[in-house]
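*Asks:* Pasting a structure below so you can have a look.
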Amino acid sequence: MFKKLEKAIKKFINYLKTNILMTTFIVSSLINGCLIRFFTVENYFAIKPILADLVVLLIITAFGYFFKPKHQFKYFLGWSIFFTLICIINAIYYSNYLSFASLSLLKTAGELGGYADAVIKNILEIKQLIYLWQIFALCFVHIQLKKKRYYTKVKDIEVGKIRFLNMSVVSLIVLGFFISMLTGTDISRLNKQWNRSSIVMEFGIYIYQFNDVVSSVRTTVNEMFGYDEAYKTFREYYDVKEESEENKYTNLFEGKNVIAIHAESIQGFTMNLAFNNEELTPNINKLAKEGIYFSNFYSQESVGNSSDSEFTSLSSLLPSSSGTVFMNYFNRDYETILKLLKEEKDYYTFSMHGNKGDAWNRNVTYSYLGYDDFYYYTKDYEIDETIGLGLSDKSFFRQSVEIIKDIDSKNENWYGTLVMLTNHTPFSDIEKFDYLVDYKNEDGTITPWLEGTKIGNYLKSVHYADEAIGELVAMLEEEGLLEDTIIVLYGDHDCKLKHSEFKKLYDSEYYESVLIDKRDTVGTIDDFTYEINREVPFIIWSSDTVDTKYNKKVEEVMGMIDIMPTLSNMLGVKPKYALGNDMFSIDENVVVFPDGNWITNKIYYNSSKGTFRQIDLDTSIDMEYVDNYNKYAENLISLSNGIITYDLIKAYETGQETNLEETEKVD
């Protein structure tokens, strides 16, 4: 028996000696597959993704035997370059979006042109180029093999067809072993593709990327062939959906004008900080104290970032799981609060932005969402001060008030969205932000802390944005535009900074000194605390809420999807197709994120890991509670995607099949 084993080992070693290039390719690709998980989802020791990567690599290697030994280098080099690019692109993408790149996002690639500074300064890191080592390793091995006339020797030994068959058998054996380890949940996630992190954790980066290509193509095919099932699900849901009950906020703001402030990257934790006894966000804090403040509000954006938040807040639908609405599905018949106010209350609707009009295809998409006009950079504003990506917020607000005055004189009621820009990553123009984020001692000396760090630059930028908001409110009041107007302020998404940046703030001995509410302390920044602390502010302010029974702090969790039904109730219109909730008509809410994660006041559930963190420690949680919300989250994501992909609201309203034309960006 030992002789047979010894013979088998010798045979295997001899096989490796005559397959050095192939072995280098497989080993280097496996290492890079582990590295990408190490720097992203951190499950680099898990056996399933390693086996999955190995299956892909063995299959590719098998086909390499159809090439003569001297040509195999070109074959393996091509695959090495391809896999290296996959790793680099996904490493960069994950660092910004905490997800993995997709073929369906190609239409958004043009948006990076306007954010090149952000990519270079805030996203690209040296460690994201580490994957290049595979190419250099393969080239080095190839050069050494040529010197030793390796390819000539192997040519006389290697029988390509036999080795192809042998390698195919080995790959099938590994594949069978891998499949035996999969669960129904794993296969379901692979099929749906919307939880990308989970797929990489279980299937590895290479199967994820190949599956993404298949999924992207399948999505296009499904637009032609998957309609019936999606429409059936849609009808079953809305045929039994009940209207929200009336409450004390019903019609509270009927007939009021609306200014919605789309506050770029302002995160909720900033509202509880005061450096050297100077509040970081005094103006936002004032609005929160005087208005209706939702303290556990979450953005539900996906890869579309700001555009996703605009869409979700107006339509009460989740962002698309494939591509973005603004780029891929803009020409659908969505129900939005803008359309309801226009049709039922004769509102004039508009949006304003200090960036280019075609950024995120806004100049095309806005009309489908219900905006009458769009005022933007270069067309309607004097470019007198730029910070970061475009017109500074202070200049933007100052000029916008003049336009709003004219709008107000011509329209009885109006709804306007003001999209802020200065507080956009990479928070680089810090010399224009007059605020100290270091620690000032009693003797006036400064102890270095956050100045010069990314989190420090972000906080200085937030203070500037808050000052701009304060100036806007003051100008509106001075012009008499607040009397019949409500202000709606929401953070469009979190600041997109990494755990390590937050540790510089939270793990410092000075952190307690900057807290306004001393109860707000943070321990170790793990994945759960990082996710749970991604709240953004949501405030509804009016002279009717100041020192009245309507002035309150709402601590129930709320998502961007809930803005539309909540505001609609206050403004006296009733949406039919909102997937969110009127926050004043429910007892418990759940916020579902596009990747399948969700949060209630009791727990935060991570779909990728299949685990949760309990928030309310006084309540016992059973698995039925978790399973019910998991099922709810999955159904909500599928339903929303169906509405977007197949234009189901139009189909339901007209009683006809939709005619889905190819969705292309219109210039």
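By order of appearance in the structure tokens: chains A, B, ..., then residues from 1 within every chain, and ligands from 1 in the order shown.
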Wanna dump the region 551-639 of chain A-region 528-545 of chain A contacts at 8 Å for me, each residue with its shortest atom pair and the distance in Å to one decimal, counting only C-alpha atoms, ordered by chain and number, as a tab-separated table?

*Replies:*
```
residue	atom	partner	partner_atom	distance
A:Asn551	CA	A:Thr545	CA	4.8
A:Tyr604	CA	A:Ile532	CA	7.1
A:Arg613	CA	A:Phe528	CA	6.7
```

*Asks:* Please identify all polymer residues within 7 Å of region 279-288 of chain A, counting only C-alpha atoms, omitting same-chain residues fewer than 5 positions from it, and present them as a list of chain:residue names.

*Replies:*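 My reading of the contact set: A:Thr270, A:Met271, A:Leu273, A:Ala274, A:Tyr293, A:His463, A:Asp466, A:Glu467, A:Ile469, A:Gly470, A:Ile539, A:Trp541.
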
*Asks:* Of the residues A:Ser392, A:Tyr94, A:Phe210, A:Asn195, which is the one nearest to Gly610 (chain A), using only C-alpha atoms?

*Replies:*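 Among A:Ser392, A:Tyr94, A:Phe210, A:Asn195, it is A:Asn195 that comes nearest to Gly610 (chain A).
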
*Asks:* Quick one, how far is CA of Thr485 (chain A) from CA of Phe350 (chain A)?

*Replies:*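 These two atoms are separated by 14.8 Å.
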
*Asks:* Please list as an mmCIF file with C-alpha atoms, in the first residue's frame every residue within 8 Å of Ser168 (chain A), counting only C-alpha atoms and excluding residues in the same chain fewer than 2 positions away.

*Replies:*
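Output (selection.cif):
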```
data_model
loop_
_atom_site.group_PDB
_atom_site.id
_atom_site.type_symbol
_atom_site.label_atom_id
_atom_site.label_comp_id
_atom_site.auth_asym_id
_atom_site.auth_seq_id
_atom_site.Cartn_x
_atom_site.Cartn_y
_atom_site.Cartn_z
ATOM 1 C CA LEU A 58 -8.994 23.896 -13.426
ATOM 2 C CA ILE A 59 -11.537 24.252 -16.244
ATOM 3 C CA ALA A 62 -7.861 22.116 -19.125
ATOM 4 C CA PHE A 164 -7.364 17.847 -21.132
ATOM 5 C CA LEU A 165 -9.475 14.824 -20.217
ATOM 6 C CA ASN A 166 -7.554 14.229 -16.982
ATOM 7 C CA VAL A 170 -10.351 16.476 -11.712
ATOM 8 C CA SER A 171 -12.366 19.686 -12.152
ATOM 9 C CA LEU A 172 -15.628 17.702 -12.146
#
```

*Asks:* Between region 583-605 of chain A and region 236-252 of chain A, at 12 Å or less, what are the per-residue closest atom pairs and their distances in Å? Count only C-alpha atoms, order by chain and rising residue number, and return it as a tab-separated table.

*Replies:*
```
residue	atom	partner	partner_atom	distance
A:Met583	CA	A:Ser244	CA	9.7
A:Phe584	CA	A:Asn247	CA	6.7
A:Ser585	CA	A:Glu245	CA	5.9
A:Ile586	CA	A:Ser244	CA	8.5
```

*Asks:* Go through A:Val592, A:Leu617, A:Ile561, A:Ile261 one by one, measure the shortest atom-to-atom distance of each to Ile486 (chain A) using only C-alpha atoms, and give the residue with the smallest value.

*Replies:*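 Distance minimum relative to Ile486 (chain A) lands on A:Ile261.
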
*Asks:* Suppose you want the space between CA of Ile143 (chain A) and CA of Pro69 (chain A); what is it in Å?

*Replies:*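 CA of Pro69 (chain A) lies 13.7 Å from CA of Ile143 (chain A).
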
*Asks:* Got a sec to tell me which of region 418-616 of chain A DSSP assigns to strand (DSSP E), as a ChimeraX atom specification?

*Replies:* /A:418-419,439-440,446-447,485-491,538-541,552-554,558-559,591-592,598-599,603-606,611-614

*Asks:* Just the selected residues (N, CA and C atoms), exported as an mmCIF file, in the first residue's frame, please.

*Replies:*
```cif
data_model
loop_
_atom_site.group_PDB
_atom_site.id
_atom_site.type_symbol
_atom_site.label_atom_id
_atom_site.label_comp_id
_atom_site.auth_asym_id
_atom_site.auth_seq_id
_atom_site.Cartn_x
_atom_site.Cartn_y
_atom_site.Cartn_z
ATOM 1 N N LEU A 418 -33.389 70.984 -3.652
ATOM 2 C CA LEU A 418 -32.088 71.626 -3.767
ATOM 3 C C LEU A 418 -31.013 70.588 -3.452
ATOM 4 N N VAL A 419 -30.267 70.187 -4.471
ATOM 5 C CA VAL A 419 -29.274 69.127 -4.329
ATOM 6 C C VAL A 419 -27.916 69.746 -4.006
ATOM 7 N N TYR A 439 -7.709 69.263 19.131
ATOM 8 C CA TYR A 439 -8.098 69.520 20.514
ATOM 9 C C TYR A 439 -7.364 70.752 21.035
ATOM 10 N N LYS A 440 -8.145 71.768 21.466
ATOM 11 C CA LYS A 440 -7.554 72.991 21.998
ATOM 12 C C LYS A 440 -7.463 72.882 23.514
ATOM 13 N N ILE A 446 -2.584 73.741 20.835
ATOM 14 C CA ILE A 446 -3.354 72.758 20.074
ATOM 15 C C ILE A 446 -2.683 71.390 20.142
ATOM 16 N N THR A 447 -3.480 70.385 20.490
ATOM 17 C CA THR A 447 -3.008 69.003 20.451
ATOM 18 C C THR A 447 -3.501 68.366 19.158
ATOM 19 N N THR A 485 -44.208 77.603 3.781
ATOM 20 C CA THR A 485 -43.291 76.609 3.240
ATOM 21 C C THR A 485 -42.793 75.668 4.334
ATOM 22 N N ILE A 486 -42.656 74.392 4.002
ATOM 23 C CA ILE A 486 -42.002 73.454 4.905
ATOM 24 C C ILE A 486 -40.632 73.106 4.341
ATOM 25 N N ILE A 487 -39.697 72.855 5.236
ATOM 26 C CA ILE A 487 -38.358 72.422 4.838
ATOM 27 C C ILE A 487 -38.218 70.944 5.157
ATOM 28 N N VAL A 488 -37.827 70.180 4.152
ATOM 29 C CA VAL A 488 -37.561 68.753 4.326
ATOM 30 C C VAL A 488 -36.072 68.543 4.069
ATOM 31 N N LEU A 489 -35.351 68.091 5.078
ATOM 32 C CA LEU A 489 -33.912 67.890 4.941
ATOM 33 C C LEU A 489 -33.573 66.425 5.162
ATOM 34 N N TYR A 490 -32.842 65.833 4.210
ATOM 35 C CA TYR A 490 -32.396 64.452 4.391
ATOM 36 C C TYR A 490 -30.955 64.292 3.909
ATOM 37 N N GLY A 491 -30.191 63.480 4.647
ATOM 38 C CA GLY A 491 -28.862 63.100 4.176
ATOM 39 C C GLY A 491 -29.024 62.042 3.108
ATOM 40 N N PHE A 538 -32.967 63.058 8.962
ATOM 41 C CA PHE A 538 -34.200 63.369 8.231
ATOM 42 C C PHE A 538 -35.051 64.257 9.123
ATOM 43 N N ILE A 539 -35.351 65.450 8.604
ATOM 44 C CA ILE A 539 -36.053 66.469 9.396
ATOM 45 C C ILE A 539 -37.152 67.101 8.549
ATOM 46 N N ILE A 540 -38.315 67.279 9.143
ATOM 47 C CA ILE A 540 -39.400 68.046 8.527
ATOM 48 C C ILE A 540 -39.647 69.247 9.428
ATOM 49 N N TRP A 541 -39.433 70.433 8.883
ATOM 50 C CA TRP A 541 -39.527 71.658 9.694
ATOM 51 C C TRP A 541 -40.534 72.619 9.074
ATOM 52 N N LYS A 552 -41.551 66.919 17.460
ATOM 53 C CA LYS A 552 -41.209 65.686 18.167
ATOM 54 C C LYS A 552 -39.981 65.018 17.570
ATOM 55 N N LYS A 553 -39.423 64.097 18.345
ATOM 56 C CA LYS A 553 -38.324 63.253 17.898
ATOM 57 C C LYS A 553 -38.854 61.845 17.725
ATOM 58 N N VAL A 554 -38.718 61.303 16.516
ATOM 59 C CA VAL A 554 -39.209 59.956 16.210
ATOM 60 C C VAL A 554 -38.022 58.999 16.228
ATOM 61 N N MET A 558 -36.486 54.314 10.234
ATOM 62 C CA MET A 558 -37.153 54.790 9.021
ATOM 63 C C MET A 558 -36.158 54.741 7.882
ATOM 64 N N GLY A 559 -36.644 54.503 6.677
ATOM 65 C CA GLY A 559 -35.788 54.472 5.502
ATOM 66 C C GLY A 559 -36.219 55.493 4.468
ATOM 67 N N VAL A 591 -36.396 48.644 7.893
ATOM 68 C CA VAL A 591 -35.708 49.264 6.767
ATOM 69 C C VAL A 591 -34.948 48.170 6.029
ATOM 70 N N VAL A 592 -35.322 47.945 4.777
ATOM 71 C CA VAL A 592 -34.699 46.907 3.952
ATOM 72 C C VAL A 592 -33.706 47.569 3.001
ATOM 73 N N TRP A 598 -31.224 44.229 6.658
ATOM 74 C CA TRP A 598 -32.360 45.004 7.146
ATOM 75 C C TRP A 598 -32.178 45.340 8.616
ATOM 76 N N ILE A 599 -32.932 46.340 9.074
ATOM 77 C CA ILE A 599 -32.818 46.779 10.460
ATOM 78 C C ILE A 599 -34.186 47.147 11.008
ATOM 79 N N ILE A 603 -33.109 44.677 16.013
ATOM 80 C CA ILE A 603 -31.902 44.023 15.515
ATOM 81 C C ILE A 603 -31.467 44.598 14.174
ATOM 82 N N TYR A 604 -30.171 44.385 13.868
ATOM 83 C CA TYR A 604 -29.650 44.627 12.515
ATOM 84 C C TYR A 604 -29.248 43.278 11.955
ATOM 85 N N TYR A 605 -29.783 42.925 10.795
ATOM 86 C CA TYR A 605 -29.519 41.622 10.190
ATOM 87 C C TYR A 605 -28.609 41.775 8.986
ATOM 88 N N ASN A 606 -27.521 41.005 8.978
ATOM 89 C CA ASN A 606 -26.588 40.992 7.854
ATOM 90 C C ASN A 606 -26.874 39.778 6.997
ATOM 91 N N THR A 611 -26.231 36.490 10.008
ATOM 92 C CA THR A 611 -26.203 36.730 11.451
ATOM 93 C C THR A 611 -26.765 38.109 11.751
ATOM 94 N N PHE A 612 -27.063 38.361 13.025
ATOM 95 C CA PHE A 612 -27.619 39.661 13.385
ATOM 96 C C PHE A 612 -27.013 40.175 14.680
ATOM 97 N N ARG A 613 -27.118 41.479 14.895
ATOM 98 C CA ARG A 613 -26.698 42.126 16.127
ATOM 99 C C ARG A 613 -27.948 42.685 16.808
ATOM 100 N N GLN A 614 -28.159 42.298 18.036
ATOM 101 C CA GLN A 614 -29.321 42.786 18.778
ATOM 102 C C GLN A 614 -29.072 44.211 19.234
#
```

*Asks:* Quick one: of A:Met475, A:Met420, A:Leu481, A:Ile130, who's nearest to Ile92 (chain A), counting only C-alpha atoms?

*Replies:*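 For Ile92 (chain A), the nearest of the given residues is A:Ile130.
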
*Asks:* At a cut-off of 9 Å, using only C-alpha atoms, what residues contact region 32-47 of chain A? Leave out same-chain residues fewer than 6 positions from it and give the result as a list of chain:residue names.

*Replies:*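 So, after excluding close chain neighbours, the residues are A:Asp53, A:Phe83, A:Thr84, A:Cys87, A:Ile88, A:Asn90, A:Ala91, A:Tyr94, A:Ser95, A:Leu98, A:Ser99, A:Lys127, A:Gln128, A:Ile130, A:Tyr131, A:Trp133, A:Gln134, A:Ser197, A:Ser198, A:Val200, A:Met201, A:Glu202, A:Gly204, A:Ile205, A:Tyr206.
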
*Asks:* Quick one: everything within 7 Å of region 226-234 of chain A, counting only C-alpha atoms, minus sequence neighbours fewer than 4 positions away in the same chain. Send it as a PyMOL selection string.

*Replies:* chain A and resi 222+238+639+642+646+648

*Asks:* What does the file look like for those residues with C-alpha atoms, as a PDB file, in the first residue's frame?

*Replies:*
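Written output follows (out-v9.pdb):
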```pdb
ATOM      1  CA  ASN A 222     -36.034  38.714 -18.679  1.00  0.00           C
ATOM      2  CA  TYR A 238     -51.631  45.638  -4.655  1.00  0.00           C
ATOM      3  CA  LEU A 639     -41.433  43.363  -6.077  1.00  0.00           C
ATOM      4  CA  GLY A 642     -40.273  43.987 -11.005  1.00  0.00           C
ATOM      5  CA  TYR A 646     -41.212  45.890 -16.431  1.00  0.00           C
ATOM      6  CA  LEU A 648     -45.647  47.549 -14.038  1.00  0.00           C
TER       7      LEU A 648
END
```

*Asks:* What is the distance between CA of Glu402 (chain A) and CA of Asp346 (chain A), in Å to one decimal?

*Replies:*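 Between these atoms lies a distance of 22.4 Å.
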
*Asks:* If we count only C-alpha atoms, what is near Asn272 (chain A) at a cut-off of 7 Å, once residues fewer than 4 positions away on the same chain are taken out, given as a PDB file with C-alpha atoms, in the first residue's frame?

*Replies:*
```pdb
ATOM      1  CA  LEU A 515     -19.774  64.614  22.477  1.00  0.00           C
ATOM      2  CA  ILE A 516     -22.867  66.734  23.031  1.00  0.00           C
ATOM      3  CA  ASP A 517     -24.842  63.796  24.404  1.00  0.00           C
TER       4      ASP A 517
END
```

*Asks:* Could you write out, as a VMD selection string, all the residues of region 576-627 of chain A that DSSP marks as helix (DSSP H, G or I)?

*Replies:* chain A and resid 623 to 627

*Asks:* Determine, counting only C-alpha atoms, which protein, DNA and RNA residues have an atom within 10 Å of an atom of region 173-176 of chain A; residues of the same chain fewer than 5 positions away are not included. Present the result as a list in words.

*Replies:*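 Selected residues are Leu51, Ala52, Leu54, Val55, Val56, Leu58, Met167, Ser168 and Met181 of chain A.
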
*Asks:* Looking at only C-alpha atoms, which of A:Pro594, A:Ile259, A:Asp587, A:Asn630 is the one that sits closest to Glu555 (chain A)?

*Replies:*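 Once distances to Glu555 (chain A) are computed over only C-alpha atoms, the minimum belongs to A:Asp587.
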
*Asks:* Kindly indicate which residue among A:Asn589, A:Ser29, A:Thr23, A:Ser322 lies nearest to Ala101 (chain A), using only C-alpha atoms for the distances.

*Replies:* A:Ser322
